[in-house]
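**Q** Encoded as structure tokens, here's the structure I'll be asking about.
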Amino acid sequence: MDDVANEMRVSKRTLYEMFIDKEHLLLECVKLNAELKERKFAEYLSHSKGVIDILCFFVKVGLEEFSNYNAKFFVDVLKYQLVKDYIDSRKEKDIIIRKKFFREGVRQGLLVDNVNFDLLARVNEAAFNTLVNEKIYDQYLPKDIFNTFIMVFLRGILTEKGLKELENSLAVK
């Protein structure tokens, strides 16, 4: 709290008048980050060129985000129950959005249709938890973990048409 107060150029007392404790401050930061990310994606979706374009944007934003965080943040943040509960409450909403997105990709012939996307979303969550629990972040850079994970994931769900569009899109960017 001392560091935050100093960075904000307010007294620690003022900070505690605004937030009950560290957990509430962190919760508000996590909520704000989620809101900003939602706005960013909504704005991009309004003028995107399709599923592959959106996937590439997701990869770009994800790489930027992972590069800006110390990997231990993802472990530390889960020590705070209110923050963990908030993150958990968003997971189901995120899964519903992803499933809708995946169905659109299948409809466009870009994603394979023989994948249980609900199961895949849950497997991805379990893989992320393993990365955290096994402290893999101590051995590799966050951007390398993210890039490797995402590229393997994408190649597993894209059709030949989807792979070609992805390769063309990545070559342009």
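Labels for the structure tokens follow display order: chains A, B, ..., residues from 1 in each chain, ligands from 1.
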Run DSSP on the backbone of this structure and report the residues of range 3-85 of chain A it assigns to alpha helix (DSSP H), as a PyMOL selection string.
**A** chain A and resi 3-8+12-18+22-45+51-68+72-76+81-85
**Q** Could you list, as a ChimeraX atom specification, every residue within 10 Å of Ile87 in chain A, counting only C-alpha atoms and ignoring same-chain residues fewer than 4 positions away?
**A** /A:27,30-31,34,77-78,81-83,91-92
**Q** Which residue is closest to Met151 in chain A? Choose from A:Leu166, A:Val115, A:Ile96, A:Val4 and count only C-alpha atoms.
**A** A:Leu166
**Q** When distances are computed from only C-alpha atoms, which of A:Val51, A:Lys37, A:Tyr80, A:Glu104 shows the smallest separation from His24 in chain A?
**A**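 Ranking A:Val51, A:Lys37, A:Tyr80, A:Glu104 by distance to His24 in chain A, first place goes to A:Tyr80.
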**Q** Output as a Markdown table one row per residue of range 14-74 of chain A within 9 Å of range 124-141 of chain A: the closest atom pair and its distance in Å to one decimal place, counting only C-alpha atoms, sorted by chain and residue number ascending.
**A**
| residue | atom | partner | partner_atom | distance |
| --- | --- | --- | --- | --- |
| A:Phe66 | CA | A:Leu141 | CA | 8.9 |
| A:Ser67 | CA | A:Leu141 | CA | 8.1 |
| A:Asn70 | CA | A:Tyr137 | CA | 8.9 |
| A:Ala71 | CA | A:Tyr137 | CA | 5.8 |
| A:Lys72 | CA | A:Tyr137 | CA | 7.4 |
| A:Phe74 | CA | A:Val132 | CA | 7.2 |
**Q** Choose the residue, out of A:Asn33, A:Lys84, A:Val59, A:Arg107, that has the smallest atom-to-atom separation from Phe153 in chain A; count only C-alpha atoms.
**A**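 Smallest distance to Phe153 in chain A is found for A:Val59.
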**Q** Between A:Leu120, A:Leu45, A:Cys56, A:Ile97, single out the one closest to Val172 in chain A, counting only C-alpha atoms.
**A**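 When distances to Val172 in chain A are compared using only C-alpha atoms, the smallest one comes from A:Cys56.
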**Q** If we count only C-alpha atoms, what is near Gly109 in chain A at a cut-off of 9 Å, once residues fewer than 5 positions away on the same chain are taken out, given as a ChimeraX atom specification?
**A** /A:104,158-159,161-162
**Q** Could you write out the selected residues, including N, CA, C and O atoms, as a PDB file, in the first residue's frame?
**A**
ATOM      1  N   GLU A 104     -19.366 -19.641 -34.634  1.00  0.00           N
ATOM      2  CA  GLU A 104     -19.280 -18.795 -35.833  1.00  0.00           C
ATOM      3  C   GLU A 104     -18.094 -19.220 -36.702  1.00  0.00           C
ATOM      4  O   GLU A 104     -18.189 -19.250 -37.929  1.00  0.00           O
ATOM      5  N   LEU A 158      -8.130 -25.196 -36.090  1.00  0.00           N
ATOM      6  CA  LEU A 158      -8.347 -24.573 -37.388  1.00  0.00           C
ATOM      7  C   LEU A 158      -8.440 -25.607 -38.507  1.00  0.00           C
ATOM      8  O   LEU A 158      -7.726 -26.611 -38.500  1.00  0.00           O
ATOM      9  N   THR A 159      -9.294 -25.349 -39.463  1.00  0.00           N
ATOM     10  CA  THR A 159      -9.360 -26.162 -40.673  1.00  0.00           C
ATOM     11  C   THR A 159      -8.207 -25.739 -41.578  1.00  0.00           C
ATOM     12  O   THR A 159      -7.482 -24.770 -41.270  1.00  0.00           O
ATOM     13  N   LYS A 161      -8.498 -24.236 -44.379  1.00  0.00           N
ATOM     14  CA  LYS A 161      -8.864 -22.865 -44.768  1.00  0.00           C
ATOM     15  C   LYS A 161      -8.493 -21.890 -43.649  1.00  0.00           C
ATOM     16  O   LYS A 161      -7.919 -20.822 -43.902  1.00  0.00           O
ATOM     17  N   GLY A 162      -8.798 -22.250 -42.416  1.00  0.00           N
ATOM     18  CA  GLY A 162      -8.477 -21.404 -41.276  1.00  0.00           C
ATOM     19  C   GLY A 162      -6.982 -21.219 -41.099  1.00  0.00           C
ATOM     20  O   GLY A 162      -6.501 -20.121 -40.808  1.00  0.00           O
TER      21      GLY A 162
END
**Q** Tell me which of A:Asp76, A:Leu55, A:Lys60, A:Thr148 sits closest to Phe101 in chain A, counting only C-alpha atoms.
**A**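 Under the stated criterion, the closest residue is A:Leu55.
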**Q** For the atom pair CA of Phe41 in chain A and CA of Ala171 in chain A, what is the interatomic distance in Å to one decimal place?
**A** 21.8 Å
**Q** Name all residues at most 8 Å from Lys12 in chain A (count only C-alpha atoms; drop same-chain ones fewer than 5 positions away) and give them as a PyMOL selection string.
**A** chain A and resi 1-2+5
**Q** Give me a file of those residues, with C-alpha atoms, as a tab-separated table (two decimals), in the first residue's frame.
**A**
chain	number	residue	atom	x	y	z
A	1	MET	CA	0.00	0.00	0.00
A	2	ASP	CA	2.97	2.28	0.64
A	5	ALA	CA	0.18	5.63	-2.16
